[in-house]
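Source file: run29.cif. Holds: mmCIF, C-alpha atoms.
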```cif
data_protein
loop_
_atom_site.label_atom_id
_atom_site.label_comp_id
_atom_site.auth_asym_id
_atom_site.auth_seq_id
_atom_site.Cartn_x
_atom_site.Cartn_y
_atom_site.Cartn_z
CA MET A 1 -7.97 2.62 13.06
CA ARG A 2 -5.66 0.31 15.06
CA LEU A 3 -4.66 -1.47 11.84
CA LYS A 4 -3.92 1.88 10.20
CA VAL A 5 -1.66 2.93 13.07
CA ARG A 6 0.17 -0.40 12.93
CA GLU A 7 0.71 0.07 9.19
CA LEU A 8 2.12 3.55 9.78
CA VAL A 9 4.46 2.29 12.50
CA TRP A 10 5.68 -0.55 10.25
CA GLU A 11 6.19 1.85 7.35
CA THR A 12 8.10 4.35 9.50
CA ARG A 13 10.39 1.65 10.91
CA CYS A 14 10.98 0.28 7.44
CA TYR A 15 12.07 3.70 6.16
CA ALA A 16 14.11 4.47 9.28
CA ARG A 17 16.33 1.40 8.76
CA LEU A 18 17.87 3.05 5.71
CA GLY A 19 19.51 5.86 7.68
CA GLN A 20 22.91 5.18 9.27
CA THR A 21 24.13 8.66 10.21
CA LEU A 22 22.24 11.50 11.87
CA PRO A 23 21.89 13.53 8.62
CA GLU A 24 20.63 10.41 6.84
CA ARG A 25 18.08 9.69 9.56
CA MET A 26 16.90 13.30 9.51
CA SER A 27 16.41 13.19 5.75
CA ILE A 28 14.40 9.96 6.09
CA ALA A 29 12.28 11.56 8.83
CA LYS A 30 11.61 14.48 6.48
CA LEU A 31 10.50 12.04 3.77
CA VAL A 32 8.12 10.23 6.16
CA ALA A 33 6.63 13.52 7.42
CA LYS A 34 6.14 14.79 3.87
CA LEU A 35 4.60 11.46 2.83
CA TYR A 36 2.00 11.53 5.61
CA LEU A 37 1.23 15.18 4.90
CA ALA A 38 0.83 14.45 1.19
CA ARG A 39 -1.71 11.71 1.93
CA LEU A 40 -3.82 14.15 3.93
CA MET A 41 -3.94 16.88 1.33
CA PRO A 42 -7.23 17.32 -0.58
CA PHE A 43 -5.35 18.11 -3.81
CA ASN A 44 -3.03 16.10 -6.06
CA THR A 45 0.35 15.50 -4.40
CA LEU A 46 1.64 12.75 -6.68
CA ARG A 47 4.45 14.95 -8.00
CA TRP A 48 5.85 15.90 -4.60
CA GLU A 49 9.55 15.20 -4.20
CA THR A 50 12.13 15.33 -1.45
CA THR A 51 15.86 14.70 -1.04
CA VAL A 52 17.25 11.84 1.04
CA LEU A 53 20.80 11.01 2.06
CA ILE A 54 21.57 7.29 2.02
CA ARG A 55 24.93 5.55 2.31
CA GLY A 56 26.79 8.79 1.71
CA ALA A 57 24.93 9.71 -1.50
CA LYS A 58 22.15 12.22 -2.23
CA TYR A 59 18.94 11.24 -4.03
CA VAL A 60 15.79 13.02 -5.13
CA VAL A 61 12.83 10.66 -4.70
CA GLY A 62 9.14 10.92 -5.43
CA VAL A 63 7.35 11.15 -2.08
CA ARG A 64 4.31 9.11 -3.06
CA THR A 65 6.04 6.69 -5.40
CA SER A 66 7.54 3.37 -4.38
CA GLU A 67 11.05 4.55 -5.25
CA ILE A 68 12.23 4.43 -1.64
CA PHE A 69 11.84 0.64 -1.65
CA THR A 70 14.54 0.39 -4.30
CA PHE A 71 16.98 1.38 -1.56
CA HIS A 72 15.74 -1.53 0.57
CA GLU A 73 16.23 -3.94 -2.34
CA ILE A 74 19.79 -2.78 -2.95
CA TYR A 75 21.12 -1.84 0.50
CA GLU A 76 19.07 -3.96 2.91
CA TYR A 77 18.16 -7.09 0.98
CA LEU A 78 21.33 -6.94 -1.16
CA GLN A 79 19.55 -8.27 -4.22
CA TYR A 80 22.43 -7.28 -6.52
CA ASN A 81 25.18 -7.97 -4.01
CA ARG A 82 24.93 -11.71 -3.28
CA HIS A 83 27.96 -12.78 -5.31
CA ALA A 84 31.37 -11.15 -4.84
CA ASP A 85 32.28 -11.47 -8.52
CA PHE A 86 29.21 -9.45 -9.57
CA ILE A 87 29.89 -6.38 -7.40
CA PRO A 88 30.96 -3.50 -9.72
CA LYS A 89 34.63 -2.61 -9.48
CA SER A 90 36.80 0.26 -10.59
CA GLY A 91 37.35 0.18 -14.34
CA TRP A 92 34.30 -1.94 -15.12
CA THR A 93 31.73 -1.07 -17.77
CA VAL A 94 28.21 -1.58 -16.40
CA PHE A 95 24.88 -1.40 -18.25
CA ASP A 96 21.90 -0.62 -15.99
CA VAL A 97 18.74 -1.46 -17.96
CA GLY A 98 15.75 -0.20 -15.98
CA ALA A 99 17.67 2.29 -13.85
CA ASN A 100 14.64 3.96 -12.24
CA ILE A 101 16.01 6.93 -10.23
CA GLY A 102 19.56 5.58 -10.30
CA VAL A 103 20.22 3.85 -6.98
CA PHE A 104 22.20 1.03 -8.62
CA THR A 105 23.70 3.43 -11.17
CA VAL A 106 25.03 5.75 -8.47
CA LEU A 107 26.31 2.82 -6.40
CA ALA A 108 28.21 1.31 -9.36
CA ALA A 109 29.63 4.67 -10.46
CA ARG A 110 30.80 5.50 -6.94
CA GLN A 111 32.64 2.17 -6.96
CA GLY A 112 34.58 3.33 -10.01
CA ALA A 113 32.57 1.78 -12.87
CA ARG A 114 31.64 3.45 -16.13
CA VAL A 115 27.83 3.15 -16.27
CA TYR A 116 25.34 3.30 -19.15
CA SER A 117 21.81 3.72 -17.73
CA PHE A 118 18.47 3.25 -19.46
CA GLU A 119 15.15 4.51 -18.06
CA PRO A 120 12.01 5.17 -20.16
CA ASN A 121 9.72 6.63 -17.45
CA PRO A 122 9.99 10.45 -17.82
CA ASP A 123 9.44 11.07 -14.08
CA SER A 124 12.05 8.52 -13.03
CA TYR A 125 14.46 9.67 -15.72
CA GLY A 126 14.25 13.27 -14.51
CA ARG A 127 15.22 12.20 -11.01
CA LEU A 128 17.89 9.84 -12.38
CA LEU A 129 19.50 12.76 -14.19
CA ARG A 130 19.42 14.95 -11.09
CA ASN A 131 20.79 12.18 -8.88
CA VAL A 132 23.74 11.54 -11.17
CA THR A 133 24.44 15.29 -11.26
CA ALA A 134 23.99 15.79 -7.51
CA ASN A 135 26.55 13.08 -6.79
CA LYS A 136 29.03 14.55 -9.31
CA LEU A 137 29.02 11.43 -11.48
CA SER A 138 28.20 12.94 -14.88
CA ASP A 139 31.68 12.17 -16.22
CA CYS A 140 31.30 8.42 -15.66
CA VAL A 141 27.57 7.89 -16.31
CA ARG A 142 25.80 8.11 -19.67
CA LEU A 143 22.00 8.27 -19.60
CA PHE A 144 19.45 7.09 -22.16
CA PRO A 145 15.76 8.12 -21.81
CA THR A 146 14.54 5.02 -23.60
CA ALA A 147 13.28 1.49 -23.13
CA LEU A 148 15.16 -1.48 -24.56
CA GLY A 149 13.41 -4.24 -26.49
CA ASP A 150 13.80 -6.62 -29.40
CA GLU A 151 13.18 -4.02 -32.09
CA ARG A 152 13.24 -0.27 -32.52
CA GLY A 153 9.97 1.66 -32.30
CA MET A 154 7.64 3.34 -29.87
CA GLY A 155 6.05 1.91 -26.75
CA SER A 156 3.25 2.74 -24.36
CA LEU A 157 4.27 3.05 -20.71
CA HIS A 158 1.65 2.00 -18.17
CA VAL A 159 2.19 2.70 -14.48
CA ILE A 160 0.05 2.41 -11.38
CA ARG A 161 -1.20 5.86 -10.39
CA GLY A 162 1.63 7.68 -8.69
CA GLY A 163 4.07 4.78 -8.91
CA THR A 164 7.26 4.73 -10.96
CA THR A 165 8.96 1.42 -10.14
CA GLY A 166 6.62 -1.04 -11.87
CA GLY A 167 5.93 0.53 -15.24
CA VAL A 168 5.34 -1.83 -18.17
CA VAL A 169 6.28 -0.77 -21.70
CA THR A 170 4.20 -2.33 -24.48
CA PRO A 171 5.33 -1.87 -28.11
CA ILE A 172 2.86 0.22 -30.09
CA LYS A 173 1.64 -1.37 -33.29
CA ALA A 174 0.73 0.97 -36.13
CA GLU A 175 -2.89 -0.16 -36.15
CA VAL A 176 -3.38 0.16 -32.40
CA LEU A 177 -4.18 3.44 -30.65
CA ALA A 178 -1.81 3.69 -27.72
CA SER A 179 -2.83 4.58 -24.20
CA GLY A 180 -0.44 5.55 -21.44
CA VAL A 181 2.75 7.53 -22.01
CA ALA A 182 4.51 7.15 -25.35
CA VAL A 183 8.20 6.29 -24.95
CA PRO A 184 10.93 5.34 -27.44
CA ILE A 185 12.22 1.79 -27.67
CA THR A 186 15.62 0.84 -29.04
CA THR A 187 17.73 -2.30 -28.87
CA LEU A 188 20.88 -3.12 -26.97
CA ASP A 189 22.61 -3.99 -30.24
CA GLU A 190 21.71 -0.63 -31.75
CA VAL A 191 23.09 1.30 -28.77
CA VAL A 192 26.29 -0.71 -28.58
CA SER A 193 26.86 -0.35 -32.33
CA THR A 194 27.54 3.34 -31.63
CA LEU A 195 30.14 2.38 -29.00
CA PRO A 196 32.69 0.32 -30.98
CA GLY A 197 35.04 -1.94 -29.06
CA LEU A 198 32.96 -1.82 -25.89
CA PHE A 199 33.21 -4.76 -23.50
CA ILE A 200 30.52 -5.00 -20.80
CA ASP A 201 31.67 -6.40 -17.47
CA LEU A 202 28.14 -6.44 -16.02
CA LEU A 203 24.72 -6.23 -17.66
CA LYS A 204 21.94 -5.66 -15.13
CA ILE A 205 18.36 -5.92 -16.43
CA ASP A 206 15.22 -4.97 -14.49
CA ALA A 207 12.71 -4.41 -17.27
CA GLU A 208 9.42 -5.38 -15.60
CA GLY A 209 8.57 -8.31 -17.87
CA SER A 210 10.56 -7.19 -20.94
CA GLU A 211 13.72 -9.05 -19.93
CA VAL A 212 13.46 -11.57 -22.77
CA ALA A 213 12.89 -8.82 -25.35
CA VAL A 214 15.94 -6.95 -24.04
CA LEU A 215 18.13 -10.04 -24.47
CA ARG A 216 16.72 -10.78 -27.92
CA GLY A 217 17.58 -7.24 -28.94
CA GLY A 218 21.14 -7.79 -27.71
CA GLU A 219 22.09 -10.96 -29.58
CA ARG A 220 25.37 -9.47 -30.86
CA THR A 221 26.06 -7.49 -27.71
CA THR A 222 25.91 -10.46 -25.36
CA ASP A 223 28.93 -11.92 -27.16
CA HIS A 224 30.86 -9.12 -25.42
CA VAL A 225 29.31 -9.39 -21.95
CA GLN A 226 30.95 -11.17 -19.03
CA ARG A 227 28.24 -11.14 -16.34
CA VAL A 228 24.47 -10.77 -16.37
CA MET A 229 21.96 -10.11 -13.59
CA VAL A 230 18.36 -10.38 -14.76
CA GLU A 231 15.26 -9.76 -12.68
CA TYR A 232 12.66 -12.19 -14.06
CA HIS A 233 8.92 -11.73 -13.66
CA SER A 234 7.54 -15.23 -14.13
CA ARG A 235 8.73 -18.83 -14.25
CA GLU A 236 8.14 -18.84 -18.01
CA LEU A 237 10.27 -15.73 -18.52
CA LEU A 238 13.00 -17.26 -16.36
CA SER A 239 13.00 -20.34 -18.57
CA GLN A 240 13.36 -18.21 -21.71
CA VAL A 241 16.12 -16.10 -20.14
CA ARG A 242 18.03 -19.26 -19.21
CA GLU A 243 17.67 -20.64 -22.73
CA ILE A 244 18.97 -17.45 -24.35
CA LEU A 245 21.90 -17.09 -21.96
CA ALA A 246 22.89 -20.77 -22.21
CA ARG A 247 22.93 -20.49 -26.00
CA LYS A 248 25.21 -17.46 -25.70
CA GLY A 249 27.68 -19.27 -23.45
CA PHE A 250 26.56 -18.19 -19.97
CA ALA A 251 26.32 -20.49 -16.96
CA GLN A 252 23.92 -19.84 -14.10
CA GLU A 253 25.69 -18.87 -10.88
CA MET A 254 22.72 -18.40 -8.54
CA ILE A 255 19.03 -17.57 -8.26
CA ILE A 256 17.43 -15.24 -5.73
CA ASP A 257 13.69 -15.90 -5.35
CA TYR A 258 11.98 -13.08 -3.48
CA TYR A 259 8.35 -13.26 -4.60
CA ALA A 260 6.86 -16.74 -4.77
CA GLU A 261 4.17 -17.54 -7.30
CA ASP A 262 0.68 -17.02 -5.90
CA ALA A 263 -1.92 -17.94 -8.51
CA ALA A 264 -4.84 -16.94 -6.28
CA ALA A 265 -3.45 -13.42 -5.87
CA GLY A 266 -2.33 -13.17 -9.50
CA GLN A 267 1.34 -12.94 -8.44
CA ASP A 268 3.95 -14.45 -10.73
CA GLU A 269 7.25 -15.66 -9.38
CA VAL A 270 9.84 -12.87 -9.30
CA GLY A 271 13.55 -13.16 -8.65
CA ILE A 272 17.04 -12.44 -9.94
CA LEU A 273 19.24 -14.70 -12.03
CA TYR A 274 23.03 -14.30 -11.85
CA ALA A 275 24.94 -15.75 -14.81
CA ARG A 276 28.44 -15.38 -16.25
CA ARG A 277 30.85 -16.79 -18.77
CA SER A 278 33.45 -19.25 -17.58
CA HIS A 279 36.03 -17.34 -19.64
CA ARG A 280 36.25 -13.71 -20.67
CA SER A 281 34.88 -13.04 -24.14
CA PRO A 282 37.22 -11.73 -26.82
CA GLN A 283 36.95 -7.95 -27.19
#
```

So, in terms of structure tokens, how does the structure I just supplied come out?
Amino acid sequence: MRLKVRELVWETRCYARLGQTLPERMSIAKLVAKLYLARLMPFNTLRWETTVLIRGAKYVVGVRTSEIFTFHEIYEYLQYNRHADFIPKSGWTVFDVGANIGVFTVLAARQGARVYSFEPNPDSYGRLLRNVTANKLSDCVRLFPTALGDERGMGSLHVIRGGTTGGVVTPIKAEVLASGVAVPITTLDEVVSTLPGLFIDLLKIDAEGSEVAVLRGGERTTDHVQRVMVEYHSRELLSQVREILARKGFAQEMIIDYYAEDAAAGQDEVGILYARRSHRSPQ
């Protein structure tokens, strides 16, 4: 019981750090109260939602998902904000691959960027759409309810029960009966082919282990990308990402390691690679 109380206190303090103004703190308190209530209910509460105010923006989040921790990654740990030249600026074109509920998308759009966001999880996508609308950003954000990979097709989305931030999309082969949620897969090259003349100032990829497939499906597109931020999900995937980017003319700027490899616990190394071209690509 003492351990449970300590966990609740830690969790509450962790959430509370996100609020800076009184309305923000009150919205976080509402989320925490609703979360604890949801855990006590004898019926299914996995689809409960609430609205939080964070850093001047409004977001709908799933109460029992891990979506709230995306705010910690972006606003507290600054995982996508460690290099001044990679912070989205007014007039930039940004691709957000693996947008989840749109925390990075909203942040980039509010900074004046034009954002193209990709999210295959239907629950996350629904909240992404509402969050873009709630923050009056529909004119500068284009949404795609699809996964990106190395070829077009269908995939099977597998998520931990109730969670929406760690879903893995596996391509469905014709001879294999798919489990999970069926989602469409397209390629970066296919999307960009419908947007002629587009130059991408920043390509951010958080594809839960599909980062190499995303880059392979964007061989032509990456010729017109200036900066890349890739969350990698193993040392092997990092090696492949580096190889692809080096071949396409990118130089590594920095690495952020935030989950060390732990073979005993089955945890691969996870981190973010920042890379960019030394010169702007021709448009």

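Closest approach to Val214 in chain A among A:Gly149, A:Gly271, A:Gly56, A:Gly167: A:Gly149, based on only C-alpha atoms.
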
Given the PyMOL selection byres ((chain A and resi 10-18) around 10), the residues it picks as a list in words: Lys4, Val5, Arg6, Glu7, Leu8, Val9, Gly19, Gln20, Thr21, Glu24, Arg25, Met26, Ser27, Ile28, Ala29, Leu31, Val32, Ala33, Val52, Leu53, Ile54, Arg55, Ile68, Phe69, Phe71, His72, Tyr75 and Glu76 of chain A

Box along x, y and z, 8 Å on every side, all listed atoms of range 99-103 of chain A inside: centre and edge lengths in Å to one decimal, as AutoDock Vina command-line options.
```
--center_x 17.4 --center_y 4.6 --center_z -10.4 --size_x 21.6 --size_y 20.6 --size_z 22.9
```

Please measure the separation of CA of Pro196 in chain A and CA of Leu215 in chain A, giving the value in Å to one decimal.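 Here the two named atoms are 19.0 Å from each other.
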
Neighbouring residues of Lys58 in chain A were defined as those with any atom within 12 Å, considering all atoms listed in the file; residues of the same chain fewer than 3 positions away were excluded. Please report them as JSON, numbers by chain. {"A": [23, 24, 27, 28, 50, 51, 52, 53, 54, 55, 61, 101, 102, 103, 106, 107, 110, 127, 128, 130, 131, 132, 133, 134, 135, 136, 137]}

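Shortest separation to Ile160 in chain A among A:Ala113, A:Leu203, A:Leu40, A:Leu46 occurs at residue A:Leu46, atoms counted being only C-alpha atoms.
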
Applied to this file, what does the PyMOL selection byres ((chain A and resi 233) around 8) return in terms of residues, put as a VMD selection string? chain A and resid 208 to 209 231 to 232 234 to 235 237 to 238 268 to 271

Output C-alpha atoms for every residue in that selection, as an mmCIF file, in the frame of the given file.
```
data_model
loop_
_atom_site.group_PDB
_atom_site.id
_atom_site.type_symbol
_atom_site.label_atom_id
_atom_site.label_comp_id
_atom_site.auth_asym_id
_atom_site.auth_seq_id
_atom_site.Cartn_x
_atom_site.Cartn_y
_atom_site.Cartn_z
ATOM 1 C CA GLU A 208 9.420 -5.380 -15.600
ATOM 2 C CA GLY A 209 8.570 -8.310 -17.870
ATOM 3 C CA GLU A 231 15.260 -9.760 -12.680
ATOM 4 C CA TYR A 232 12.660 -12.190 -14.060
ATOM 5 C CA SER A 234 7.540 -15.230 -14.130
ATOM 6 C CA ARG A 235 8.730 -18.830 -14.250
ATOM 7 C CA LEU A 237 10.270 -15.730 -18.520
ATOM 8 C CA LEU A 238 13.000 -17.260 -16.360
ATOM 9 C CA ASP A 268 3.950 -14.450 -10.730
ATOM 10 C CA GLU A 269 7.250 -15.660 -9.380
ATOM 11 C CA VAL A 270 9.840 -12.870 -9.300
ATOM 12 C CA GLY A 271 13.550 -13.160 -8.650
#
```

Which of these residues is nearest to Tyr80 in chain A, using all atoms listed in the file: A:Ala251, A:Ile205, A:Met154, A:Val192?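 Of the candidates, the smallest distance to Tyr80 in chain A is held by A:Ile205.
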
Tell me, in Å to one decimal, how far CA of Arg82 in chain A is from CA of Ile255 in chain A. 9.7 Å

To test your reading of the syntax: which residues would the PyMOL selection byres ((chain A and resi 242) around 12) return for the file shown? Reply as JSON, numbers by chain. {"A": [211, 212, 215, 228, 229, 230, 231, 232, 235, 236, 237, 238, 239, 240, 241, 243, 244, 245, 246, 247, 248, 249, 250, 251, 252, 253, 254, 255, 272, 273, 274, 275, 276]}

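Counting all atoms listed in the file and comparing A:Gly218, A:Gly62, A:Pro42, A:Pro122, the residue that lies closest to Leu148 in chain A is A:Gly218.
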
CA of Arg277 in chain A sits from CA of Gln226 in chain A at a separation of 5.6 Å

Protein and nucleic acid residues near (0.7, 15.3, -5.2) (cut-off 12 Å, all atoms listed in the file) as an NGL selection string: :A and (34-49 or 62-65 or 161-163)
